[in-house]
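Here is the file input-v2.cif (mmCIF, C-alpha atoms and all ligand atoms).
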data_coords
loop_
_atom_site.label_atom_id
_atom_site.label_comp_id
_atom_site.auth_asym_id
_atom_site.auth_seq_id
_atom_site.Cartn_x
_atom_site.Cartn_y
_atom_site.Cartn_z
CA MET F 6 65.86 40.69 -70.73
CA GLU F 7 65.86 44.16 -72.32
CA TYR F 8 64.29 46.75 -70.04
CA VAL F 9 63.82 50.42 -70.92
CA GLY F 10 63.41 53.05 -68.15
CA ASN F 11 61.80 52.33 -64.76
CA VAL F 12 60.15 48.94 -64.72
CA ILE F 13 57.60 48.78 -61.93
CA ARG F 14 55.53 45.84 -60.75
CA PRO F 15 52.99 45.38 -57.94
CA PRO F 16 54.43 43.90 -54.71
CA SER F 17 52.36 40.74 -55.18
CA GLU F 18 54.20 40.10 -58.46
CA ALA F 19 57.59 39.90 -56.73
CA ASP F 20 58.09 36.34 -58.02
CA ALA F 21 56.92 37.05 -61.55
CA LEU F 22 59.02 37.28 -64.65
CA ILE F 23 58.67 40.85 -65.89
CA LEU F 24 58.08 41.02 -69.62
CA GLN F 25 58.17 44.64 -70.78
CA VAL F 26 55.86 45.09 -73.76
CA THR F 27 55.27 48.84 -73.54
CA VAL F 28 57.40 51.66 -72.20
CA GLY F 29 55.75 54.23 -69.93
CA CYS F 30 52.10 55.06 -69.48
CA SER F 31 49.81 56.20 -72.29
CA TYR F 32 48.05 58.62 -69.92
CA ASN F 33 50.97 59.91 -67.82
CA LYS F 34 49.08 62.90 -66.37
CA CYS F 35 48.47 61.95 -62.72
CA THR F 36 50.10 64.72 -60.69
CA PHE F 37 51.35 62.36 -57.94
CA CYS F 38 52.99 59.83 -60.28
CA GLY F 39 56.60 60.24 -61.32
CA ALA F 40 57.08 56.68 -62.54
CA TYR F 41 57.20 57.41 -66.25
CA LYS F 42 57.64 61.18 -66.43
CA ASP F 43 60.85 60.95 -68.43
CA VAL F 44 59.67 58.52 -71.12
CA SER F 45 57.14 58.75 -73.94
CA PHE F 46 54.69 55.92 -74.23
CA THR F 47 55.82 53.40 -76.84
CA ILE F 48 54.93 49.86 -77.74
CA LYS F 49 57.98 47.62 -77.99
CA ASP F 50 58.75 45.82 -81.26
CA GLU F 51 57.53 42.28 -81.46
CA ALA F 52 61.08 41.22 -82.35
CA ALA F 53 62.36 42.61 -79.00
CA ILE F 54 59.54 40.87 -77.12
CA ILE F 55 60.33 37.58 -78.84
CA ARG F 56 64.03 37.96 -77.93
CA ASP F 57 62.99 38.33 -74.27
CA LEU F 58 60.67 35.33 -74.50
CA GLN F 59 63.43 33.22 -76.03
CA PHE F 60 65.82 34.29 -73.25
CA ALA F 61 63.18 33.53 -70.60
CA GLY F 62 62.46 30.17 -72.25
CA GLN F 63 66.11 29.26 -71.74
CA TYR F 64 67.06 30.91 -68.44
CA CYS F 65 63.86 31.61 -66.47
CA ARG F 66 62.23 28.21 -66.43
CA ASN F 67 61.44 28.38 -62.72
CA HIS F 68 59.07 31.31 -63.09
CA ARG F 69 55.41 30.35 -63.09
CA ARG F 70 54.05 33.89 -63.42
CA VAL F 71 54.51 36.68 -65.93
CA PHE F 72 53.83 40.35 -65.28
CA LEU F 73 53.41 42.49 -68.38
CA ALA F 74 54.97 45.94 -67.90
CA ASP F 75 54.74 48.98 -68.07
CA GLY F 76 52.01 51.27 -66.82
CA ASP F 77 48.84 50.25 -68.65
CA VAL F 78 49.43 47.33 -71.00
CA LEU F 79 45.69 46.69 -71.25
CA ILE F 80 45.53 49.81 -73.44
CA LEU F 81 47.02 47.77 -76.32
CA SER F 82 44.63 46.74 -79.06
CA GLN F 83 42.83 43.44 -78.65
CA LYS F 84 44.71 42.09 -81.66
CA ARG F 85 48.11 42.88 -80.11
CA LEU F 86 47.13 41.46 -76.71
CA VAL F 87 45.83 38.24 -78.24
CA ARG F 88 49.05 37.85 -80.25
CA LEU F 89 51.12 38.55 -77.12
CA LEU F 90 49.30 35.94 -75.05
CA HIS F 91 49.73 33.40 -77.86
CA LEU F 92 53.48 34.16 -77.93
CA ILE F 93 53.75 33.65 -74.16
CA ARG F 94 52.01 30.30 -74.51
CA GLN F 95 54.29 29.34 -77.37
CA TYR F 96 57.59 30.26 -75.68
CA LEU F 97 56.73 29.74 -72.00
CA PRO F 98 54.03 27.03 -71.97
CA TRP F 99 54.52 26.38 -68.22
CA ILE F 100 53.35 29.86 -67.18
CA SER F 101 50.23 29.64 -64.99
CA ARG F 102 49.45 33.30 -64.30
CA ILE F 103 49.71 36.43 -66.45
CA SER F 104 49.00 39.85 -64.95
CA LEU F 105 49.11 43.49 -66.01
CA TYR F 106 48.18 47.02 -64.99
CA GLY F 107 44.93 48.26 -66.50
CA ASN F 108 43.51 51.71 -65.91
CA ALA F 109 39.79 52.50 -66.19
CA ARG F 110 40.27 54.03 -69.64
CA ALA F 111 41.88 50.84 -70.96
CA ILE F 112 39.16 48.70 -69.40
CA ARG F 113 36.47 50.88 -71.02
CA GLY F 114 38.10 50.16 -74.38
CA LYS F 115 37.53 46.42 -73.99
CA SER F 116 34.23 44.64 -74.42
CA HIS F 117 33.12 41.83 -72.14
CA ASP F 118 33.94 39.39 -74.98
CA ASN F 119 37.42 40.93 -75.37
CA LEU F 120 38.14 40.43 -71.67
CA GLN F 121 36.79 36.88 -71.77
CA GLU F 122 39.01 36.11 -74.74
CA LEU F 123 42.06 37.43 -72.86
CA LYS F 124 41.12 35.33 -69.85
CA THR F 125 40.80 32.22 -72.00
CA LEU F 126 44.28 32.90 -73.38
CA GLY F 127 45.83 33.10 -69.91
CA LEU F 128 45.34 36.62 -68.58
CA ASP F 129 44.50 36.15 -64.93
CA ARG F 130 44.90 39.37 -62.99
CA VAL F 131 44.35 43.09 -63.56
CA TYR F 132 45.90 45.69 -61.24
CA MET F 133 43.95 48.91 -61.26
CA GLY F 134 44.76 52.22 -59.55
CA LEU F 135 41.73 53.80 -57.91
CA GLU F 136 43.93 56.04 -55.70
CA SER F 137 40.87 57.70 -54.10
CA GLY F 138 37.13 57.27 -54.13
CA CYS F 139 36.66 61.03 -53.68
CA ASP F 140 35.91 62.88 -56.92
CA ALA F 141 37.38 66.16 -55.65
CA ILE F 142 40.70 64.40 -55.02
CA LEU F 143 40.63 62.52 -58.32
CA GLN F 144 40.08 65.83 -60.06
CA HIS F 145 42.84 67.58 -58.12
CA VAL F 146 45.41 64.90 -59.01
CA LYS F 147 44.19 64.78 -62.65
CA LYS F 148 43.40 61.08 -62.55
CA GLY F 149 41.07 61.59 -65.50
CA GLU F 150 38.38 59.38 -63.93
CA THR F 151 35.55 59.65 -61.43
CA ALA F 152 34.40 57.28 -58.71
CA GLU F 153 31.59 56.22 -61.03
CA THR F 154 33.84 55.39 -64.01
CA MET F 155 36.17 53.43 -61.71
CA ILE F 156 33.27 51.39 -60.33
CA ALA F 157 32.02 50.65 -63.85
CA ALA F 158 35.50 49.53 -64.96
CA ALA F 159 35.88 47.29 -61.90
CA LYS F 160 32.51 45.68 -62.56
CA LYS F 161 33.58 44.84 -66.10
CA ILE F 162 36.70 43.07 -64.84
CA ARG F 163 34.76 41.17 -62.19
CA ASP F 164 32.03 40.20 -64.69
CA SER F 165 34.76 38.68 -66.85
CA ARG F 166 35.89 36.65 -63.83
CA LEU F 167 39.37 38.15 -63.93
CA PHE F 168 41.08 38.70 -60.58
CA LEU F 169 40.91 42.40 -59.71
CA SER F 170 43.44 44.10 -57.46
CA VAL F 171 42.75 47.77 -56.65
CA THR F 172 45.22 50.27 -55.25
CA ALA F 173 44.44 53.28 -53.08
CA LEU F 174 46.88 55.93 -51.92
CA LEU F 175 46.83 57.15 -48.31
CA GLY F 176 47.50 60.87 -47.91
CA LEU F 177 46.27 61.79 -51.39
CA GLY F 178 43.65 64.19 -50.02
CA GLY F 179 46.23 65.99 -47.91
CA VAL F 180 45.30 67.07 -44.40
CA ALA F 181 42.27 68.97 -45.68
CA LEU F 182 40.48 66.00 -47.28
CA SER F 183 41.93 63.15 -45.21
CA LYS F 184 38.63 62.07 -43.60
CA ARG F 185 36.67 62.38 -46.82
CA HIS F 186 39.38 60.45 -48.66
CA ALA F 187 39.12 57.53 -46.22
CA GLU F 188 35.31 57.46 -46.15
CA GLU F 189 34.71 57.83 -49.87
CA THR F 190 37.52 55.45 -50.82
CA ALA F 191 36.00 52.79 -48.55
CA LYS F 192 32.63 53.35 -50.18
CA VAL F 193 33.98 53.05 -53.72
CA LEU F 194 36.16 50.04 -52.89
CA THR F 195 33.07 48.33 -51.49
CA ALA F 196 31.20 49.02 -54.73
CA MET F 197 34.15 47.79 -56.81
CA ALA F 198 34.24 44.48 -54.87
CA PRO F 199 37.86 43.67 -55.75
CA ASN F 200 39.58 40.38 -54.94
CA GLN F 201 42.44 42.31 -53.40
CA ILE F 202 42.98 45.81 -52.02
CA ALA F 203 46.51 47.23 -51.95
CA ILE F 204 47.16 50.37 -49.93
CA LEU F 205 50.16 52.59 -50.58
CA THR F 206 51.14 55.79 -48.80
CA LEU F 207 51.84 58.95 -50.73
CA MET F 208 55.49 59.94 -51.03
CA PRO F 209 55.56 63.16 -53.06
CA LEU F 210 58.27 63.12 -55.71
CA ALA F 211 60.22 66.19 -56.79
CA ASN F 212 59.50 65.52 -60.48
CA THR F 213 55.72 65.68 -60.04
CA LEU F 214 53.20 68.51 -59.89
CA LEU F 215 51.96 67.29 -56.52
CA GLY F 216 55.55 67.29 -55.24
CA GLU F 217 55.84 70.93 -56.34
CA GLU F 218 52.58 71.75 -54.52
CA VAL F 219 54.02 70.21 -51.34
CA LEU F 220 57.26 72.19 -51.65
CA ALA F 221 55.30 75.40 -52.26
CA GLY F 222 53.18 74.74 -49.15
CA LYS F 223 50.00 74.46 -51.24
CA PHE F 224 49.39 70.82 -50.31
CA LEU F 225 49.74 69.82 -46.68
CA LEU F 226 50.82 66.22 -46.32
CA PRO F 227 49.26 64.30 -43.39
CA ASN F 228 51.85 63.32 -40.76
CA PRO F 229 52.39 59.61 -39.89
CA GLN F 230 49.77 59.70 -37.10
CA GLU F 231 47.22 61.29 -39.44
CA ILE F 232 48.01 58.63 -42.05
CA LEU F 233 47.34 55.90 -39.48
CA THR F 234 44.06 57.58 -38.54
CA GLU F 235 43.12 57.68 -42.22
CA LEU F 236 43.93 53.98 -42.61
CA SER F 237 41.95 53.07 -39.47
CA LEU F 238 38.90 54.90 -40.77
CA LEU F 239 39.25 53.25 -44.17
CA ILE F 240 39.40 49.78 -42.62
CA GLU F 241 36.50 50.54 -40.25
CA ARG F 242 34.36 51.52 -43.23
CA LEU F 243 35.29 48.46 -45.32
CA ARG F 244 32.49 46.45 -43.74
CA ASP F 245 31.05 44.71 -46.77
CA VAL F 246 34.07 43.51 -48.69
CA ARG F 247 35.49 40.03 -48.85
CA CYS F 248 39.04 40.28 -50.09
CA GLN F 249 42.72 40.14 -49.37
CA PHE F 250 43.92 43.40 -47.83
CA HIS F 251 47.55 44.55 -48.08
CA ALA F 252 48.94 47.75 -46.61
CA ASN F 253 52.47 46.41 -46.53
CA HIS F 254 54.01 48.35 -49.39
CA THR F 255 57.48 49.83 -48.77
CA SER F 256 55.86 53.28 -48.53
CA SER F 257 53.86 52.16 -45.48
CA TYR F 258 54.48 53.48 -41.94
CA LEU F 259 53.03 50.29 -40.49
CA PRO F 260 53.10 47.19 -42.72
CA LEU F 261 49.80 45.32 -42.37
CA SER F 262 48.20 42.47 -44.20
CA GLY F 263 45.15 40.32 -43.70
CA ARG F 264 41.86 39.13 -45.05
CA LEU F 265 38.65 41.13 -44.79
CA PRO F 266 36.34 40.85 -43.01
CA LYS F 267 38.03 38.08 -40.97
CA ASP F 268 41.06 40.13 -39.85
CA ARG F 269 39.47 43.57 -39.56
CA GLU F 270 39.58 43.70 -35.75
CA ALA F 271 43.20 42.48 -35.66
CA LEU F 272 44.21 45.10 -38.24
CA LEU F 273 42.45 47.85 -36.28
CA ALA F 274 44.06 46.65 -33.05
CA ALA F 275 47.53 46.80 -34.65
CA LEU F 276 46.78 50.32 -35.85
CA GLY F 277 45.52 51.27 -32.39
CA LYS F 278 48.83 50.12 -30.83
CA ALA F 279 50.82 52.10 -33.38
CA ARG F 280 48.69 55.20 -32.84
CA SER F 281 49.25 54.99 -29.08
CA GLY F 282 53.02 54.71 -29.57
CA ALA F 283 53.23 51.09 -28.32
CA VAL F 284 54.59 49.96 -31.70
CA SER F 285 57.25 51.83 -33.65
CA LEU F 286 56.62 53.04 -37.16
CA VAL F 287 58.87 52.50 -40.17
CA PRO F 288 61.36 55.39 -40.08
CA GLU F 289 61.05 57.94 -42.88
CA GLN F 290 64.45 57.02 -44.36
CA ARG F 291 63.41 53.35 -44.73
CA ARG F 292 60.27 54.14 -46.68
CA ALA F 293 60.43 53.82 -50.47
CA LEU F 294 58.27 53.65 -53.56
S1 LIG F 301 49.28 56.60 -61.82
FE1 LIG F 301 49.02 55.07 -63.44
S2 LIG F 301 47.64 56.07 -64.94
FE2 LIG F 301 48.50 57.71 -63.64
S3 LIG F 301 50.31 58.42 -64.73
FE3 LIG F 301 51.03 56.87 -63.26
S4 LIG F 301 51.04 54.96 -64.41
FE4 LIG F 301 49.80 56.42 -65.59
#
For this file, write the structure as structure tokens.
Amino acid sequence: MEYVGNVIRPPSEADALILQVTVGCSYNKCTFCGAYKDVSFTIKDEAAIIRDLQFAGQYCRNHRRVFLADGDVLILSQKRLVRLLHLIRQYLPWISRISLYGNARAIRGKSHDNLQELKTLGLDRVYMGLESGCDAILQHVKKGETAETMIAAAKKIRDSRLFLSVTALLGLGGVALSKRHAEETAKVLTAMAPNQIAILTLMPLANTLLGEEVLAGKFLLPNPQEILTELSLLIERLRDVRCQFHANHTSSYLPLSGRLPKDREALLAALGKARSGAVSLVPEQRRAL
């Protein structure tokens, strides 16, 4: 398979075959994200994609899932996406699940009929980055969206009966907005009604504007205990969601996973033990993005 630059996939796509159809992110302005800072957004040639599909058809026959990389493949035109899904069917007819990252801007560019068509052709799952439900934080990190536009985008995905996984980023409000971040993110996640919530913990990178703010002392990062408090508050406020809940990313201080609302009390109890020191946290040097 021919991969260009950093190829990133959600943790729940660990078993998927990664088919890179774009390089980078067409937006690439979020101040906390260093994933694609060194590459310009490009769409890969169909010939290169077909070479990968032919290779996968020969050597990756055990994979049942495909993840389409990079950052926001849903931004491709409907015509390109339809062609791509047909090609996957043609070369890898045994694939049962196709997933991709889709930001709110890309989702806005698709009609309900477009999304339905993609679903009919095999698209199953959209991973969307909310990061925070707090508009002040979204503005600070230049997400280019508001809580309202994120909710509208999520509704469109759910109305098309696609599986929606939404990511939020602990610590993104810094110490100053930690409580507001947890409360407002819980509120927006509830309104988005995703099938899955994935929680990551901020790890500021040197090649990002937010990383520079941290180094300059302009953004105060919550310490591990404050991050756990933020996560507890978030879970406490997620009272009306029915979804899978994962906070077990490699950036996490305390890997947790469960189903809401069924496992809420168990998740809060585990957090309570960690906050009291009865359970050790993942050491800083073992955390990763
Ligand atoms: S967080 Fe997502 S939308 Fe923002 S720059 Fe990174 S890949 Fe692009």
Inset, instruction - For CA of Arg94 (chain F) and CA of Ala61 (chain F), quote the distance in Å rounded to one decimal. - result: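 So the two atoms, CA of Arg94 (chain F) and CA of Ala61 (chain F), lie 12.3 Å apart.
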Give me the chain F side of the contact with ligand LIG 301 (chain F), cut-off 6 Å, one line per residue showing its nearest atom pair and distance in Å at one decimal, counting all atoms listed in the file, sorted by chain and residue number, as a tab-separated table.
residue	atom	partner	partner_atom	distance
F:Cys30	CA	F:LIG301	FE4	4.7
F:Tyr32	CA	F:LIG301	FE4	5.2
F:Asn33	CA	F:LIG301	S3	3.5
F:Lys34	CA	F:LIG301	S3	4.9
F:Cys35	CA	F:LIG301	FE2	4.3
F:Cys38	CA	F:LIG301	FE3	4.6
F:Gly76	CA	F:LIG301	S4	4.5
Counting all atoms listed in the file, which residues of region 185-246 of chain F fall within 12 Å of region 125-146 of chain F, and what is the closest atom pair for each with its distance in Å at one decimal, ordered by chain and rising number, as JSON lines?
{"residue": "F:Arg185", "atom": "CA", "partner": "F:Cys139", "partner_atom": "CA", "distance": 7.0}
{"residue": "F:His186", "atom": "CA", "partner": "F:Cys139", "partner_atom": "CA", "distance": 5.7}
{"residue": "F:Ala187", "atom": "CA", "partner": "F:Ser137", "partner_atom": "CA", "distance": 8.1}
{"residue": "F:Glu188", "atom": "CA", "partner": "F:Gly138", "partner_atom": "CA", "distance": 8.2}
{"residue": "F:Glu189", "atom": "CA", "partner": "F:Gly138", "partner_atom": "CA", "distance": 4.9}
{"residue": "F:Thr190", "atom": "CA", "partner": "F:Gly138", "partner_atom": "CA", "distance": 3.8}
{"residue": "F:Ala191", "atom": "CA", "partner": "F:Gly138", "partner_atom": "CA", "distance": 7.2}
{"residue": "F:Lys192", "atom": "CA", "partner": "F:Gly138", "partner_atom": "CA", "distance": 7.2}
{"residue": "F:Val193", "atom": "CA", "partner": "F:Gly138", "partner_atom": "CA", "distance": 5.3}
{"residue": "F:Leu194", "atom": "CA", "partner": "F:Gly138", "partner_atom": "CA", "distance": 7.4}
{"residue": "F:Thr195", "atom": "CA", "partner": "F:Gly138", "partner_atom": "CA", "distance": 10.2}
{"residue": "F:Ala196", "atom": "CA", "partner": "F:Gly138", "partner_atom": "CA", "distance": 10.2}
{"residue": "F:Met197", "atom": "CA", "partner": "F:Leu135", "partner_atom": "CA", "distance": 9.7}
{"residue": "F:Pro199", "atom": "CA", "partner": "F:Met133", "partner_atom": "CA", "distance": 9.7}
{"residue": "F:Asn200", "atom": "CA", "partner": "F:Arg130", "partner_atom": "CA", "distance": 9.7}
{"residue": "F:Gln201", "atom": "CA", "partner": "F:Tyr132", "partner_atom": "CA", "distance": 9.2}
{"residue": "F:Ile202", "atom": "CA", "partner": "F:Tyr132", "partner_atom": "CA", "distance": 9.7}
{"residue": "F:Ala203", "atom": "CA", "partner": "F:Gly134", "partner_atom": "CA", "distance": 9.3}
{"residue": "F:Ile204", "atom": "CA", "partner": "F:Glu136", "partner_atom": "CA", "distance": 8.7}
{"residue": "F:Leu205", "atom": "CA", "partner": "F:Glu136", "partner_atom": "CA", "distance": 8.8}
{"residue": "F:Thr206", "atom": "CA", "partner": "F:Glu136", "partner_atom": "CA", "distance": 10.0}
{"residue": "F:Leu207", "atom": "CA", "partner": "F:Glu136", "partner_atom": "CA", "distance": 9.8}
{"residue": "F:Pro209", "atom": "CA", "partner": "F:Val146", "partner_atom": "CA", "distance": 11.9}
{"residue": "F:Thr213", "atom": "CA", "partner": "F:Val146", "partner_atom": "CA", "distance": 10.4}
{"residue": "F:Leu214", "atom": "CA", "partner": "F:Val146", "partner_atom": "CA", "distance": 8.6}
{"residue": "F:Leu215", "atom": "CA", "partner": "F:Val146", "partner_atom": "CA", "distance": 7.4}
{"residue": "F:Gly216", "atom": "CA", "partner": "F:Val146", "partner_atom": "CA", "distance": 11.1}
{"residue": "F:Glu218", "atom": "CA", "partner": "F:Val146", "partner_atom": "CA", "distance": 10.9}
{"residue": "F:Phe224", "atom": "CA", "partner": "F:His145", "partner_atom": "CA", "distance": 10.7}
{"residue": "F:Leu239", "atom": "CA", "partner": "F:Gly138", "partner_atom": "CA", "distance": 10.9}
Inset, instruction - Determine the nearest neighbour of Leu276 (chain F) from the options F:Gln95, F:Thr234, F:Thr154, F:Gln63, counting all atoms listed in the file. - result: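 Going through F:Gln95, F:Thr234, F:Thr154, F:Gln63 one by one, the smallest distance to Leu276 (chain F) is for F:Thr234.
Between Leu105 (chain F) and the residues F:Ala74, F:Leu81, F:Ala157, F:Leu238, the shortest atom-to-atom distance, using all atoms listed in the file, involves F:Ala74.
Counting only C-alpha atoms and comparing F:Leu22, F:Leu286, F:Leu225, F:Val28, the residue that lies closest to Asn67 (chain F) is F:Leu22.
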Inset, instruction - Work out how far CA of Gly179 (chain F) is from CA of Leu220 (chain F), in Å to one decimal. - result: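 Computing it gives 13.2 Å between the two atoms.
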Inset, instruction - Quote the spacing between CA of Arg14 (chain F) and CA of Ile240 (chain F) in Å to one decimal place. - result: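 Result for CA of Arg14 (chain F) versus CA of Ile240 (chain F): 24.6 Å, one decimal.
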Enclose region 144-152 of chain F, meaning all of its atoms listed in the file, in a box aligned along x, y and z, pad it by 4 Å on each side, and list the centre and edge lengths in Å to one decimal, as lines of an AutoDock Vina configuration file.
center_x = 39.9
center_y = 62.4
center_z = -61.8
size_x = 19.0
size_y = 18.3
size_z = 15.4
Inset, instruction - Would you please work out which residue, of F:Ala52, F:Asp20, F:Val12, F:Arg88, is nearest to Asp75 (chain F) when using all atoms listed in the file? - result: F:Val12
Legend entry - Neighbour list for His251 (chain F) as a ChimeraX atom specification, cut-off 12 Å, all atoms listed in the file, skip fewer than 3 positions in-chain: /F:15-17,170-173,200-206,236,240,248,254-255,257,259-265,268-269,272
Store the residues picked out above, limited to C-alpha atoms, as a PDB file, in the frame of the given file.
ATOM      1  CA  PRO F  15      52.990  45.380 -57.940  1.00  0.00           C
ATOM      2  CA  PRO F  16      54.430  43.900 -54.710  1.00  0.00           C
ATOM      3  CA  SER F  17      52.360  40.740 -55.180  1.00  0.00           C
ATOM      4  CA  SER F 170      43.440  44.100 -57.460  1.00  0.00           C
ATOM      5  CA  VAL F 171      42.750  47.770 -56.650  1.00  0.00           C
ATOM      6  CA  THR F 172      45.220  50.270 -55.250  1.00  0.00           C
ATOM      7  CA  ALA F 173      44.440  53.280 -53.080  1.00  0.00           C
ATOM      8  CA  ASN F 200      39.580  40.380 -54.940  1.00  0.00           C
ATOM      9  CA  GLN F 201      42.440  42.310 -53.400  1.00  0.00           C
ATOM     10  CA  ILE F 202      42.980  45.810 -52.020  1.00  0.00           C
ATOM     11  CA  ALA F 203      46.510  47.230 -51.950  1.00  0.00           C
ATOM     12  CA  ILE F 204      47.160  50.370 -49.930  1.00  0.00           C
ATOM     13  CA  LEU F 205      50.160  52.590 -50.580  1.00  0.00           C
ATOM     14  CA  THR F 206      51.140  55.790 -48.800  1.00  0.00           C
ATOM     15  CA  LEU F 236      43.930  53.980 -42.610  1.00  0.00           C
ATOM     16  CA  ILE F 240      39.400  49.780 -42.620  1.00  0.00           C
ATOM     17  CA  CYS F 248      39.040  40.280 -50.090  1.00  0.00           C
ATOM     18  CA  HIS F 254      54.010  48.350 -49.390  1.00  0.00           C
ATOM     19  CA  THR F 255      57.480  49.830 -48.770  1.00  0.00           C
ATOM     20  CA  SER F 257      53.860  52.160 -45.480  1.00  0.00           C
ATOM     21  CA  LEU F 259      53.030  50.290 -40.490  1.00  0.00           C
ATOM     22  CA  PRO F 260      53.100  47.190 -42.720  1.00  0.00           C
ATOM     23  CA  LEU F 261      49.800  45.320 -42.370  1.00  0.00           C
ATOM     24  CA  SER F 262      48.200  42.470 -44.200  1.00  0.00           C
ATOM     25  CA  GLY F 263      45.150  40.320 -43.700  1.00  0.00           C
ATOM     26  CA  ARG F 264      41.860  39.130 -45.050  1.00  0.00           C
ATOM     27  CA  LEU F 265      38.650  41.130 -44.790  1.00  0.00           C
ATOM     28  CA  ASP F 268      41.060  40.130 -39.850  1.00  0.00           C
ATOM     29  CA  ARG F 269      39.470  43.570 -39.560  1.00  0.00           C
ATOM     30  CA  LEU F 272      44.210  45.100 -38.240  1.00  0.00           C
TER      31      LEU F 272
END
Inset, instruction - May I ask which of the residues F:Leu175, F:Ala111, F:Ala252, F:Leu73 is the closest one to Glu18 (chain F), counting all atoms listed in the file? - result: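 Nearest candidate to Glu18 (chain F) out of F:Leu175, F:Ala111, F:Ala252, F:Leu73: F:Leu73.
Every protein or nucleic acid residue with an atom no more than 12 Å from His91 (chain F), counting all atoms listed in the file and leaving out same-chain residues fewer than 5 positions away, appears here: Ile55, Leu58, Lys84, Arg85, Leu86, Tyr96, Leu97, Pro98, Ile100, Ile103, Glu122, Leu123, Lys124, Thr125, Leu126, Gly127 and Leu128 of chain F.
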